[in-house]
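> Compact mmCIF, C-alpha atoms, saved as data-v1.txt, coming up:
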# COMPACT_ATOMS: atom_id res chain seq x y z
CA MET R 73 145.05 118.87 90.00
CA ASP R 74 141.52 119.23 88.59
CA ARG R 75 139.11 122.14 89.12
CA GLU R 76 137.14 120.40 91.90
CA SER R 77 140.30 119.52 93.83
CA TYR R 78 141.55 123.10 93.41
CA HIS R 79 138.40 124.62 94.95
CA THR R 80 138.34 121.99 97.72
CA CYS R 81 141.98 122.64 98.64
CA CYS R 82 141.51 126.40 98.54
CA SER R 83 138.81 126.04 101.18
CA LEU R 84 140.70 123.46 103.23
CA VAL R 85 143.83 125.56 103.53
CA LYS R 86 141.91 128.45 105.11
CA ILE R 87 140.94 126.47 108.20
CA PRO R 88 143.32 125.96 111.17
CA ARG R 89 145.76 123.10 110.72
CA GLN R 90 144.17 120.02 112.24
CA SER R 91 145.22 118.43 115.51
CA TYR R 92 147.63 115.50 115.38
CA GLU R 93 145.78 113.63 118.15
CA GLN R 94 143.71 111.50 115.76
CA PHE R 95 146.82 110.59 113.76
CA TRP R 96 148.83 109.86 116.88
CA SER R 97 146.21 107.56 118.37
CA SER R 98 146.81 105.12 115.49
CA HIS R 99 150.60 105.43 115.90
CA PHE R 100 151.47 104.14 112.45
CA VAL R 101 152.45 105.56 109.07
CA ASP R 102 150.65 104.80 105.82
CA TYR R 103 152.67 102.57 103.52
CA ILE R 104 152.05 103.35 99.86
CA ASP R 105 152.76 100.51 97.47
CA LYS R 106 150.71 101.52 94.42
CA GLU R 107 150.12 104.55 92.26
CA LEU R 108 148.79 107.52 94.20
CA SER R 109 147.26 110.49 92.42
CA TYR R 110 148.70 113.90 93.13
CA SER R 111 145.31 115.15 94.34
CA LYS R 112 145.07 112.34 96.90
CA PHE R 113 148.62 112.92 98.14
CA PHE R 114 147.89 116.64 98.30
CA LYS R 115 144.73 116.24 100.38
CA LYS R 116 145.77 113.27 102.53
CA TYR R 117 149.39 114.14 103.37
CA LEU R 118 150.53 117.60 102.24
CA LEU R 119 147.65 119.67 103.59
CA PRO R 120 147.17 117.79 106.90
CA ASN R 121 150.98 117.57 107.28
CA HIS R 122 151.12 113.82 107.88
CA PRO R 123 154.09 111.49 107.22
CA CYS R 124 153.98 108.45 104.97
CA MET R 125 156.29 105.89 103.39
CA PHE R 126 156.53 104.90 99.72
CA SER R 127 157.63 101.42 98.66
CA ARG R 128 160.74 100.65 96.65
CA ARG R 129 158.72 100.47 93.44
CA PHE R 130 158.86 104.28 93.35
CA THR R 131 162.67 104.18 92.95
CA GLU R 132 163.21 100.92 91.06
CA ASP R 133 163.93 102.73 87.77
CA TRP R 134 166.53 105.12 89.20
CA LYS R 135 170.02 104.67 87.76
CA CYS R 136 171.65 105.09 91.18
CA ARG R 137 169.69 102.10 92.53
CA LYS R 138 171.56 99.99 89.97
CA GLN R 139 174.88 101.78 89.50
CA TRP R 140 175.68 102.73 93.10
CA VAL R 141 174.71 99.40 94.64
CA THR R 142 176.28 95.93 94.38
CA GLU R 143 174.28 92.76 93.73
CA GLU R 144 174.48 92.13 97.49
CA GLY R 145 172.76 95.47 98.19
CA LYS R 146 175.89 97.20 99.50
CA PRO R 147 177.45 100.51 98.38
CA ASN R 148 179.40 99.96 95.15
CA PHE R 149 182.61 101.72 96.15
CA GLN R 150 184.35 100.99 92.86
CA LYS R 151 181.61 102.57 90.77
CA LEU R 152 181.27 105.54 93.13
CA LEU R 153 185.02 106.22 92.96
CA GLN R 154 184.90 106.14 89.17
CA GLU R 155 182.19 108.80 89.19
CA PHE R 156 183.33 111.17 91.94
CA ASP R 157 187.02 110.46 92.74
CA GLU R 158 188.54 113.84 93.80
CA ALA R 159 185.24 115.72 94.27
CA PRO R 160 185.25 117.68 97.57
CA VAL R 161 182.49 116.52 99.90
CA PRO R 162 181.25 117.65 103.34
CA VAL R 163 181.85 115.06 106.06
CA ALA R 164 180.54 115.21 109.63
CA ASN R 165 181.98 113.48 112.70
CA CYS R 166 179.10 111.74 114.48
CA ASN R 167 181.23 111.30 117.61
CA ALA R 168 181.76 115.05 118.09
CA LYS R 169 179.29 117.73 119.18
CA GLU R 170 179.49 121.36 118.11
CA TYR R 171 176.60 123.36 119.52
CA ASN R 172 173.69 121.03 118.68
CA ALA R 173 175.16 119.43 115.57
CA ASN R 174 178.16 117.48 114.33
CA PRO R 175 181.19 119.47 113.10
CA LYS R 176 181.97 119.11 109.38
CA GLN R 177 185.07 119.20 107.26
CA MET R 178 185.62 119.06 103.51
CA MET R 179 187.62 116.16 102.11
CA PRO R 180 188.11 114.47 98.71
CA PHE R 181 185.45 111.87 97.99
CA LYS R 182 188.04 109.15 97.51
CA GLU R 183 189.46 109.86 100.98
CA PHE R 184 186.04 109.36 102.53
CA ILE R 185 185.54 106.10 100.63
CA HIS R 186 188.97 104.90 101.77
CA TYR R 187 187.97 105.68 105.35
CA TRP R 188 184.60 103.94 104.91
CA LYS R 189 186.16 100.72 103.58
CA GLU R 190 188.63 100.65 106.49
CA TYR R 191 185.79 101.35 108.94
CA ILE R 192 183.93 98.28 107.68
CA GLN R 193 187.06 96.11 107.76
CA ASN R 194 187.67 97.16 111.39
CA GLY R 195 184.25 96.00 112.51
CA HIS R 196 182.59 99.38 111.97
CA SER R 197 184.96 101.32 114.17
CA SER R 198 187.81 103.78 113.65
CA PRO R 199 190.06 106.01 115.77
CA LYS R 200 188.86 108.84 113.51
CA GLY R 201 185.33 108.37 114.86
CA CYS R 202 182.18 107.69 112.88
CA LEU R 203 182.30 109.90 109.78
CA TYR R 204 179.18 110.72 107.74
CA LEU R 205 179.11 112.32 104.28
CA LYS R 206 176.03 114.54 104.43
CA ASP R 207 174.41 117.58 102.82
CA TRP R 208 176.39 117.01 99.61
CA HIS R 209 175.03 119.01 96.65
CA MET R 210 175.72 116.19 94.22
CA SER R 211 173.02 117.21 91.72
CA ARG R 212 174.26 120.79 91.55
CA ASN R 213 177.92 119.75 91.28
CA PHE R 214 177.25 116.99 88.72
CA PRO R 215 174.20 118.22 86.76
CA ASP R 216 174.70 115.72 83.92
CA HIS R 217 174.56 112.61 86.07
CA ASN R 218 170.73 112.29 86.18
CA VAL R 219 170.87 109.25 88.46
CA TYR R 220 167.38 109.77 89.91
CA THR R 221 164.11 111.53 89.10
CA THR R 222 162.10 113.57 91.58
CA PRO R 223 158.69 111.88 91.96
CA VAL R 224 155.80 113.97 90.62
CA LEU R 225 154.23 113.91 94.09
CA PHE R 226 157.15 116.01 95.37
CA SER R 227 157.52 118.23 92.32
CA SER R 228 155.72 121.34 93.61
CA ASP R 229 158.98 122.59 95.09
CA TRP R 230 159.18 126.36 95.55
CA LEU R 231 162.40 126.18 97.55
CA ASN R 232 164.55 124.64 94.82
CA GLU R 233 162.68 126.54 92.11
CA TYR R 234 163.81 129.78 93.76
CA TRP R 235 167.42 128.76 94.30
CA ASP R 236 167.66 127.30 90.77
CA THR R 237 166.57 130.70 89.46
CA LEU R 238 169.39 132.39 91.38
CA GLU R 239 171.83 129.65 90.34
CA VAL R 240 173.74 129.83 93.63
CA ASP R 241 172.39 127.03 95.82
CA ASP R 242 169.86 124.22 96.18
CA TYR R 243 168.36 121.95 98.81
CA ARG R 244 168.98 118.60 97.10
CA PHE R 245 171.41 116.40 98.98
CA VAL R 246 173.17 113.04 98.98
CA TYR R 247 174.04 111.26 102.24
CA MET R 248 176.51 108.37 102.57
CA GLY R 249 177.31 106.86 105.92
CA PRO R 250 178.49 103.66 107.58
CA LYS R 251 176.46 101.61 109.98
CA GLY R 252 176.14 103.60 113.22
CA SER R 253 176.24 107.07 111.64
CA TRP R 254 173.37 109.33 112.70
CA THR R 255 171.87 112.82 112.66
CA PRO R 256 170.96 114.57 115.95
CA PHE R 257 167.49 115.84 116.84
CA HIS R 258 166.34 118.68 114.56
CA ALA R 259 163.65 120.04 112.24
CA ASP R 260 164.38 120.81 108.62
CA VAL R 261 165.47 124.16 107.17
CA PHE R 262 162.74 126.84 107.16
CA ARG R 263 160.46 124.11 108.56
CA SER R 264 160.26 122.68 105.06
CA TYR R 265 158.99 119.29 104.01
CA SER R 266 161.58 116.68 103.15
CA TRP R 267 161.60 113.43 101.24
CA SER R 268 164.40 110.93 101.71
CA ALA R 269 165.04 107.87 99.55
CA ASN R 270 167.31 105.02 100.62
CA ILE R 271 169.43 103.98 97.66
CA CYS R 272 170.81 101.14 99.75
CA GLY R 273 170.89 100.30 103.45
CA ARG R 274 168.37 100.86 106.25
CA LYS R 275 167.51 103.80 108.50
CA LYS R 276 165.66 104.22 111.75
CA TRP R 277 163.64 107.43 112.13
CA LEU R 278 162.35 108.89 115.40
CA LEU R 279 159.71 111.52 114.64
CA TYR R 280 157.82 113.94 116.86
CA PRO R 281 154.81 115.94 115.60
CA PRO R 282 154.95 119.76 115.77
CA GLY R 283 154.76 121.14 119.29
CA GLN R 284 156.28 118.13 121.03
CA GLU R 285 159.76 119.63 120.71
CA GLU R 286 158.80 122.27 123.29
CA PHE R 287 158.82 119.55 125.98
CA LEU R 288 162.31 118.54 124.87
CA ARG R 289 164.06 121.82 125.65
CA ASP R 290 166.40 122.39 128.57
CA THR R 291 166.03 125.19 131.11
CA HIS R 292 167.85 127.54 128.71
CA GLY R 293 165.43 126.80 125.88
CA ASN R 294 167.85 124.65 123.89
CA LEU R 295 166.64 121.51 122.14
CA VAL R 296 167.97 118.20 123.36
CA TYR R 297 170.85 116.94 121.23
CA ASP R 298 169.95 113.24 121.47
CA VAL R 299 166.38 112.19 122.31
CA THR R 300 167.63 108.77 123.45
CA SER R 301 170.07 110.29 125.97
CA SER R 302 169.68 109.61 129.68
CA GLU R 303 170.07 113.34 130.33
CA LEU R 304 166.40 113.77 129.35
CA ARG R 305 165.51 112.10 132.66
CA ASP R 306 167.25 114.94 134.54
CA LYS R 307 164.25 117.05 135.61
CA GLY R 308 166.56 119.80 136.74
CA LEU R 309 167.82 120.17 133.17
CA PHE R 310 164.75 119.05 131.15
CA PRO R 311 161.79 119.83 133.43
CA HIS R 312 159.07 118.96 130.89
CA SER R 313 160.52 115.92 129.13
CA ASP R 314 158.01 113.51 130.65
CA GLU R 315 155.19 115.51 129.01
CA ALA R 316 156.45 114.63 125.52
CA CYS R 317 154.81 111.77 123.65
CA GLN R 318 156.79 108.74 122.59
CA PRO R 319 158.38 109.22 119.15
CA LEU R 320 157.00 107.61 116.06
CA GLU R 321 159.65 104.98 115.20
CA ILE R 322 159.97 104.04 111.54
CA ILE R 323 162.35 101.60 109.88
CA GLN R 324 163.10 102.57 106.29
CA GLU R 325 164.33 99.80 103.98
CA ALA R 326 166.41 100.04 100.81
CA GLY R 327 164.56 101.72 97.96
CA GLU R 328 161.84 103.21 100.15
CA ILE R 329 161.04 106.94 100.34
CA ILE R 330 159.86 108.63 103.52
CA PHE R 331 157.87 111.86 103.46
CA VAL R 332 158.69 114.00 106.51
CA PRO R 333 156.16 116.82 107.00
CA SER R 334 156.83 120.42 108.04
CA GLY R 335 157.98 121.02 111.59
CA TRP R 336 158.24 117.35 112.53
CA HIS R 337 161.44 117.14 114.56
CA HIS R 338 163.38 113.94 114.01
CA GLN R 339 166.51 111.97 114.75
CA VAL R 340 167.88 109.45 112.23
CA TYR R 341 170.20 106.42 112.44
CA ASN R 342 171.86 104.37 109.70
CA LEU R 343 171.34 100.75 110.72
CA GLU R 344 173.54 99.53 107.86
CA ASP R 345 176.01 101.08 105.43
CA THR R 346 173.60 103.45 103.74
CA ILE R 347 173.29 105.87 100.81
CA SER R 348 170.29 108.17 100.59
CA ILE R 349 169.00 111.11 98.56
CA ASN R 350 167.11 113.90 100.29
CA HIS R 351 165.28 117.04 99.15
CA ASN R 352 163.97 119.85 101.33
CA TRP R 353 160.99 121.56 99.72
CA LEU R 354 158.23 124.11 100.25
CA ASN R 355 155.02 124.93 98.46
CA GLY R 356 151.60 126.46 98.94
CA CYS R 357 150.62 123.86 101.52
CA ASN R 358 153.34 124.75 104.04
CA ILE R 359 154.38 128.31 103.14
CA ASP R 360 152.34 129.52 106.13
CA ILE R 361 154.52 127.36 108.39
CA MET R 362 157.67 128.92 106.92
CA TRP R 363 156.25 132.42 107.44
CA GLN R 364 155.43 131.64 111.08
CA PHE R 365 158.92 130.20 111.55
CA LEU R 366 160.52 133.39 110.19
CA GLN R 367 158.41 135.53 112.52
CA ASN R 368 159.45 133.38 115.46
CA GLU R 369 163.11 133.60 114.47
CA LEU R 370 163.00 137.39 114.17
CA SER R 371 161.24 137.69 117.53
CA SER R 372 163.97 135.58 119.08
CA VAL R 373 166.68 137.85 117.65
CA GLN R 374 164.83 140.94 118.82
CA ARG R 375 164.63 139.59 122.36
CA GLU R 376 168.36 138.81 122.36
CA ILE R 377 169.40 142.39 121.48
CA GLU R 378 166.47 144.27 123.01
CA GLU R 379 168.77 146.22 125.33
CA TRP R 380 170.32 148.05 122.35
CA ARG R 381 167.03 149.03 120.72
CA ASN R 382 167.16 152.65 121.87
CA THR R 383 170.88 153.11 121.21
CA MET R 384 170.91 152.10 117.52
CA ASP R 385 169.14 153.96 114.72
CA SER R 386 169.33 150.86 112.55
CA TRP R 387 168.34 148.35 115.24
CA HIS R 388 165.58 146.78 113.13
CA GLN R 389 167.91 146.38 110.14
CA HIS R 390 170.51 144.75 112.38
CA CYS R 391 167.87 142.29 113.56
CA GLN R 392 167.21 141.31 109.93
CA VAL R 393 170.97 140.88 109.30
CA ILE R 394 171.38 138.65 112.38
CA MET R 395 168.30 136.66 111.44
CA LYS R 396 169.66 135.99 107.94
CA SER R 397 173.03 134.89 109.35
CA CYS R 398 171.23 132.39 111.61
CA THR R 399 168.48 131.10 109.32
CA GLY R 400 169.74 131.85 105.80
CA ILE R 401 167.01 134.32 104.86
CA ASP R 402 165.49 137.64 105.98
CA TYR R 403 162.14 139.30 105.30
CA GLY R 404 163.43 141.06 102.18
CA GLU R 405 164.66 137.85 100.57
CA PHE R 406 161.49 136.06 101.62
CA ALA R 407 159.50 138.67 99.69
CA SER R 408 161.79 138.20 96.66
CA PHE R 409 161.28 134.44 96.97
CA LEU R 410 157.50 134.92 96.83
CA LYS R 411 157.84 137.20 93.81
CA ILE R 412 159.76 134.64 91.76
CA ILE R 413 157.22 131.93 92.57
CA ALA R 414 154.35 134.26 91.66
CA ASP R 415 155.99 135.54 88.45
CA ASN R 416 156.56 131.98 87.20
CA ARG R 417 152.92 131.05 87.72
CA ILE R 418 151.55 134.26 86.25
CA SER R 419 153.70 133.60 83.16
CA PHE R 420 152.55 129.99 83.06
CA LEU R 421 148.87 130.89 83.22
CA SER R 422 149.41 133.45 80.49
CA SER R 423 151.12 130.82 78.34
CA CYS R 424 148.18 128.47 78.85
CA SER R 425 146.14 130.96 76.84
CA SER R 426 148.77 132.06 74.33
CA GLY R 427 150.78 128.86 73.95
CA ASP R 428 154.06 130.72 74.54
CA SER R 429 156.50 130.10 77.41
CA ASP R 430 159.76 131.80 78.28
CA TYR R 431 160.96 129.96 81.38
CA PRO R 432 163.20 126.88 81.89
CA ARG R 433 162.04 123.60 80.37
CA HIS R 434 162.08 121.62 83.63
CA LEU R 435 159.92 124.25 85.31
CA SER R 436 157.56 124.34 82.33
CA GLU R 437 157.20 120.57 82.52
CA THR R 438 156.47 120.65 86.24
CA LEU R 439 153.87 123.41 86.00
CA THR R 440 152.25 121.74 82.99
CA THR R 441 152.09 118.37 84.77
CA LEU R 442 150.46 119.88 87.86
CA GLY R 443 148.17 122.03 85.74
CA PRO R 444 146.73 125.56 85.72
CA HIS R 445 144.44 125.04 88.69
CA HIS R 446 147.44 124.09 90.82
CA ALA R 447 149.22 127.24 89.62
CA ALA R 448 146.16 129.25 90.64
CA PHE R 449 146.22 127.59 94.07
CA ASP R 450 149.89 128.54 94.42
CA LEU R 451 149.08 132.15 93.55
CA GLN R 452 146.30 132.23 96.10
CA ARG R 453 148.73 131.05 98.78
CA VAL R 454 151.36 133.63 97.75
CA ALA R 455 148.68 136.33 97.86
CA HIS R 456 147.70 135.29 101.38
CA ILE R 457 151.29 135.52 102.64
CA LEU R 458 151.82 138.87 100.88
CA GLU R 459 148.74 140.21 102.65
CA CYS R 460 150.26 139.02 105.94
CA LEU R 461 153.57 140.72 105.07
CA LEU R 462 151.86 144.03 104.30
CA CYS R 463 150.24 143.97 107.74
CA ASN R 464 153.47 143.05 109.52
CA GLU R 465 155.14 145.93 111.37
CA ASP R 466 158.66 144.58 110.86
CA PHE R 467 158.12 144.17 107.13
CA LYS R 468 156.76 147.71 106.90
CA ARG R 469 160.16 148.97 108.09
CA ILE R 470 161.93 147.46 105.07
CA ASP R 471 162.99 149.86 102.33
CA TYR R 472 161.04 148.56 99.32
CA SER R 473 163.40 150.37 96.96
CA SER R 474 166.04 147.81 97.88
CA LEU R 475 163.75 144.98 96.77
CA SER R 476 162.90 143.76 93.29
CA LEU R 477 159.18 144.09 93.92
CA GLN R 478 156.41 146.37 95.04
CA PRO R 479 154.18 144.07 97.16
CA GLU R 480 150.92 145.92 96.44
CA SER R 481 151.56 145.80 92.70
CA LEU R 482 152.44 142.10 92.78
CA LEU R 483 149.32 141.37 94.81
CA GLN R 484 147.18 143.05 92.17
CA GLN R 485 148.86 141.07 89.38
CA ILE R 486 148.18 137.84 91.28
CA ARG R 487 144.50 138.68 91.73
CA GLU R 488 144.14 139.44 88.05
CA ALA R 489 145.84 136.16 87.09
CA ILE R 490 143.60 134.13 89.41
CA HIS R 491 140.53 135.90 88.05
CA SER R 492 141.54 135.14 84.46
CA THR R 493 142.03 131.46 85.37
CA ARG R 494 138.48 131.22 86.60
CA GLY R 495 137.12 133.06 83.61
CA GLN R 496 138.66 131.40 80.58
CA HIS R 497 139.17 127.98 78.98
CA LEU R 498 142.81 126.94 79.35
CA LEU R 499 144.71 125.10 76.64
CA TYR R 500 146.42 122.70 79.07
CA GLN R 501 144.08 120.00 80.29
CA GLU R 502 144.62 117.76 83.30
Could you spell out this file's structure in structure tokens?

Amino acid sequence: MDRESYHTCCSLVKIPRQSYEQFWSSHFVDYIDKELSYSKFFKKYLLPNHPCMFSRRFTEDWKCRKQWVTEEGKPNFQKLLQEFDEAPVPVANCNAKEYNANPKQMMPFKEFIHYWKEYIQNGHSSPKGCLYLKDWHMSRNFPDHNVYTTPVLFSSDWLNEYWDTLEVDDYRFVYMGPKGSWTPFHADVFRSYSWSANICGRKKWLLYPPGQEEFLRDTHGNLVYDVTSSELRDKGLFPHSDEACQPLEIIQEAGEIIFVPSGWHHQVYNLEDTISINHNWLNGCNIDIMWQFLQNELSSVQREIEEWRNTMDSWHQHCQVIMKSCTGIDYGEFASFLKIIADNRISFLSSCSSGDSDYPRHLSETLTTLGPHHAAFDLQRVAHILECLLCNEDFKRIDYSSLSLQPESLLQQIREAIHSTRGQHLLYQE
């Protein structure tokens, strides 16, 4: 990102997120078949939160496109078994419903492949139901495989940067499923972006822009499980369903990558035997959406246990605990998340002047590729959210001594780093 793009994006991000009406009137998704600069992707898709599709040329050099796929374009079961054999994998049953998702079980990879081969031989049916290997942390479990490379356009990834620092989790997944497997209606974790690449096979996506999901809730406030279900026509159960727009329907071919923006609810079908790779990710363009999501989640918890507010001295702390159990994060960890992102960029900007770096190589490469002005943009976005946190009554109730940061101090460090970026010549050039 160059200096002009940095200042343009800093001003763009301050205005309210634009309406989706203009996008929806065209009812199509941009198909990108040639090189796209990061600045253009940033301004045309990340900031306005619009979906797009990338052609197979963006994945043609990936090892998994060659090693995991037969010459006929089908999953290469023999090669996959050689690589993963007894590895435990999470497998969902698409024919069963548990709350608003499919129940999962762990099984050896080879057992799932055995099932899948039988499923195909039986005309894509099985008494076991339609099983779908999903949310498998293949990259974390097999770090030396290196069968794909995250495109630079998706490399500003705070979510996985944070979890990689903690070395306990990540949001990089592999999906493998037979024809007919599917994922029910949902939005992604923390209202993150996602990118999904088909290694082989085809998918059908049904996408709804943010806000449309409110028309697809039942009288109890629960989201519909299947947006194609006839139960949506039951006005007694879904009184506002006819107010929802028609979904954006996208067919994703082998090798293509779809960019799914923040808060776009979606439902996905495998039209053929399919393998895909998916990352959930956050950055300065959608961190405000995550913060709003967390506020909404906490408010929901508070409403649920409001009747005990006056009987519990630690009611607010209990709300944070419940929120973390439901969403995977609370306000304290969110603040720690922001601190790690800020610390890495402050260190990077300092190294741009001194030439020294003391953080992981892959992170150094990413920050260097995106450049110092992008790091300054990131810091500006972190500073904005920290200012929001410091004004938030629920955050004020958190015991800062239990956190690894003092928000006011971090905010001052960020301001000084941004100021130094504007005031000095940086060694790294874009």
> Give the answer as one residue: which of R:Asp450, R:Asp402, R:Glu488, R:Glu285 has the shortest atom-to-atom distance to Ile359 (chain R), using all atoms listed in the file?
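For Ile359 (chain R), the nearest of the candidates is R:Asp450.
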> Quick one: pull the distance between CA of Thr291 (chain R) and CA of Asp314 (chain R), Å, one decimal.
14.2 Å
> Identify which of the residues R:Trp208, R:Phe257, R:Phe181, R:Phe331 lies closest to Asp241 (chain R), counting all atoms listed in the file when measuring atom-to-atom distances.
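Distance minimum relative to Asp241 (chain R) lands on R:Trp208.
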> Would you mind reading off the distance between CA of His388 (chain R) and CA of Phe467 (chain R), one decimal, in Å?
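Those two atoms sit 9.9 Å apart.
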> Once you count only C-alpha atoms, which residues end up no further than 12 Å from (170.2, 110.6, 123.6) in the file's frame, shown as a list in words?
Trp254, Thr255, Pro256, Phe257, Leu278, Leu288, Leu295, Val296, Tyr297, Asp298, Val299, Thr300, Ser301, Ser302, Glu303, Leu304, Arg305, Gln339, Val340 and Tyr341 of chain R
> Restricting the calculation to all atoms listed in the file, which member of R:Gln392, R:Ser268, R:Gln367, R:Ser419 is positioned closest to Pro123 (chain R)?
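When distances to Pro123 (chain R) are compared using all atoms listed in the file, the smallest one comes from R:Ser268.
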> Go through R:Lys411, R:Arg469, R:Arg137, R:His456 and flag the residue nearest Ser386 (chain R), using all atoms listed in the file for the distances.
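Answer, going by the shortest atom-to-atom distance: R:Arg469.
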> Using Å and a single decimal, report how far CA of Lys206 (chain R) sits from CA of Ala164 (chain R).
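Between CA of Ala164 (chain R) and CA of Lys206 (chain R) the gap works out to 6.9 Å.
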> Which centre and which edge lengths, in Å to one decimal, describe the axis-aligned box that holds all listed atoms of region 130-141 of chain R after 6 Å is added on each side, as lines of an AutoDock Vina configuration file?

center_x = 167.3
center_y = 102.3
center_z = 91.2
size_x = 28.8
size_y = 17.7
size_z = 18.9
> Using only C-alpha atoms, I'd like a table of the residues in region 332-451 of chain R that come within 12 Å of region 101-111 of chain R; for each, show the closest atom pair and its distance in Å rounded to one decimal, ordered by chain and ascending number, as JSON lines.

{"residue": "R:Val332", "atom": "CA", "partner": "R:Val101", "partner_atom": "CA", "distance": 10.8}
{"residue": "R:Thr441", "atom": "CA", "partner": "R:Tyr110", "partner_atom": "CA", "distance": 10.1}
{"residue": "R:Leu442", "atom": "CA", "partner": "R:Tyr110", "partner_atom": "CA", "distance": 8.2}
{"residue": "R:Gly443", "atom": "CA", "partner": "R:Tyr110", "partner_atom": "CA", "distance": 11.0}
{"residue": "R:His445", "atom": "CA", "partner": "R:Ser111", "partner_atom": "CA", "distance": 11.4}
{"residue": "R:His446", "atom": "CA", "partner": "R:Ser111", "partner_atom": "CA", "distance": 9.8}
> Write a file of the just-selected residues containing C-alpha atoms, as an mmCIF file, in the frame of the given file.

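What follows is the written file selection-v5.cif:
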data_model
loop_
_atom_site.group_PDB
_atom_site.id
_atom_site.type_symbol
_atom_site.label_atom_id
_atom_site.label_comp_id
_atom_site.auth_asym_id
_atom_site.auth_seq_id
_atom_site.Cartn_x
_atom_site.Cartn_y
_atom_site.Cartn_z
ATOM 1 C CA VAL R 332 158.690 114.000 106.510
ATOM 2 C CA THR R 441 152.090 118.370 84.770
ATOM 3 C CA LEU R 442 150.460 119.880 87.860
ATOM 4 C CA GLY R 443 148.170 122.030 85.740
ATOM 5 C CA HIS R 445 144.440 125.040 88.690
ATOM 6 C CA HIS R 446 147.440 124.090 90.820
#
> Can you tell me which residues surround Asn232 (chain R) at a distance of at most 8 Å, considering all atoms listed in the file, apart from same-chain residues fewer than 2 positions away, and format the answer as a PyMOL selection string?
chain R and resi 229-230+234-236+242-244+353
> Pick the closest to Gly201 (chain R) from R:Ala168, R:Ile457, R:Met178, R:Cys398: which is it, counting all atoms listed in the file?
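Of R:Ala168, R:Ile457, R:Met178, R:Cys398, the one nearest Gly201 (chain R), counting all atoms listed in the file, is R:Ala168.
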> Pick from R:Pro223, R:Gly356, R:Pro180, R:Pro147: nearest to Pro250 (chain R), with all atoms listed in the file counted?
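The answer is R:Pro147, which sits nearest to Pro250 (chain R).
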